[in-house]
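A.B. asks: This structure is in structure tokens; I'll ask about it shortly.
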Amino acid sequence: MTSYATGTHAAMYDEGKTMIFTILPQKGILWDQHTILLGEKKNNVEAKLGVPQSVFDHSYYYFESNIRFDFSPNGELEFIEFLGGITGIIQPVIFGV
């Protein structure tokens, strides 16, 4: 098991296993009983996923850079992007589809 963060809500996963993230269209995502909504503040995302693996400008990267969260200058979540493609450790599914 690998942890990319510290604290009680550290983002953990088993290496080599695919993680399923559910896309909630126009709302956010759901993973491991954590809902991350567009408009949430950076500190709320960190409380759910832990400290990001890397940060660049207003973007937080998690899970070997397989997912990126972009924040506004005010620190509100504006955009979520899955970067791993079909071979990535994260496989997004659309809620209800």
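Chains: A, B, ... in order of the structure tokens. Residues: from 1 per chain. Ligands: from 1, in order shown.
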From chain A, collect each residue whose DSSP state is helix (DSSP H, G or I) and return the set as a list in words.
C.D. replies: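 Filtering chain A down to helix (DSSP H, G or I) leaves Lys42, Asn43, Asn44, Val45, Glu46, Ala47, Lys48, Leu49, Gly85, Ile86 and Thr87 of chain A.
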A.B. asks: Excluding Ile23 in chain A and residues on its chain fewer than 5 positions from it, collect all residues at most 10 Å away from it, counting only C-alpha atoms, and give them as a ChimeraX atom specification.
C.D. replies: /A:28-31,35-36,80,92-96
A.B. asks: Enumerate as a list in words all residues of range 33-79 of chain A assigned to strand (DSSP E) by DSSP on the backbone, naming them with the chain letters and numbers the document uses.
C.D. replies: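 Strand (DSSP E) members of range 33-79 of chain A, listed: His34, Thr35, Ile36, Leu37, Ser54, Val55, Phe56, Ser59, Tyr60, Tyr61, Tyr62, Ile67, Arg68, Phe69, Asp70, Phe71, Leu77, Glu78 and Phe79 of chain A.
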A.B. asks: Would you output that residue set with N, CA and C atoms, as a CSV table (one decimal), in the first residue's frame?
C.D. replies:
chain,number,residue,atom,x,y,z
A,34,HIS,N,-15.2,9.7,-0.5
A,34,HIS,CA,-14.9,11.1,-0.5
A,34,HIS,C,-15.5,11.8,-1.7
A,35,THR,N,-16.3,12.7,-1.5
A,35,THR,CA,-16.9,13.5,-2.6
A,35,THR,C,-16.1,14.8,-2.7
A,36,ILE,N,-15.5,15.1,-3.9
A,36,ILE,CA,-14.8,16.3,-4.1
A,36,ILE,C,-15.6,17.1,-5.1
A,37,LEU,N,-16.1,18.3,-4.7
A,37,LEU,CA,-17.0,19.1,-5.6
A,37,LEU,C,-16.3,20.3,-6.1
A,54,SER,N,2.5,16.7,-5.9
A,54,SER,CA,3.2,17.9,-6.4
A,54,SER,C,2.3,19.0,-6.7
A,55,VAL,N,2.8,20.2,-6.8
A,55,VAL,CA,2.0,21.4,-7.0
A,55,VAL,C,2.7,22.2,-8.0
A,56,PHE,N,2.0,22.7,-9.0
A,56,PHE,CA,2.5,23.6,-10.0
A,56,PHE,C,1.5,24.7,-10.3
A,59,SER,N,-2.3,24.2,-9.6
A,59,SER,CA,-2.7,22.8,-9.9
A,59,SER,C,-2.1,21.9,-8.8
A,60,TYR,N,-2.9,21.0,-8.3
A,60,TYR,CA,-2.5,19.9,-7.4
A,60,TYR,C,-2.5,18.6,-8.1
A,61,TYR,N,-1.4,17.8,-8.0
A,61,TYR,CA,-1.3,16.5,-8.6
A,61,TYR,C,-1.3,15.4,-7.6
A,62,TYR,N,-2.1,14.3,-7.8
A,62,TYR,CA,-2.1,13.2,-6.9
A,62,TYR,C,-2.0,11.9,-7.7
A,67,ILE,N,-4.0,12.4,-11.7
A,67,ILE,CA,-5.2,13.3,-11.6
A,67,ILE,C,-4.7,14.7,-11.2
A,68,ARG,N,-5.3,15.7,-11.8
A,68,ARG,CA,-4.9,17.1,-11.5
A,68,ARG,C,-6.2,17.8,-11.1
A,69,PHE,N,-6.0,18.7,-10.1
A,69,PHE,CA,-7.1,19.6,-9.6
A,69,PHE,C,-6.6,21.0,-9.8
A,70,ASP,N,-7.3,21.8,-10.6
A,70,ASP,CA,-7.0,23.2,-10.9
A,70,ASP,C,-7.8,24.1,-10.0
A,71,PHE,N,-7.2,25.0,-9.4
A,71,PHE,CA,-7.8,26.0,-8.5
A,71,PHE,C,-7.8,27.4,-9.0
A,77,LEU,N,-11.8,25.1,-6.3
A,77,LEU,CA,-11.6,24.0,-7.4
A,77,LEU,C,-12.5,24.4,-8.6
A,78,GLU,N,-11.8,24.5,-9.8
A,78,GLU,CA,-12.4,24.9,-11.0
A,78,GLU,C,-12.5,23.7,-12.0
A,79,PHE,N,-11.5,22.8,-11.9
A,79,PHE,CA,-11.4,21.8,-13.0
A,79,PHE,C,-10.7,20.6,-12.4
A.B. asks: Closest to Gly39 in chain A among A:Gly75, A:Ile90, A:Val51, A:Gly85, using only C-alpha atoms?
C.D. replies: A:Gly75
A.B. asks: Would you please work out which residue, of A:Ser72, A:Glu81, A:Ile20, A:Gly88, is nearest to Gln33 in chain A when using only C-alpha atoms?
C.D. replies: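 Among the listed residues, A:Ile20 lies closest to Gln33 in chain A.
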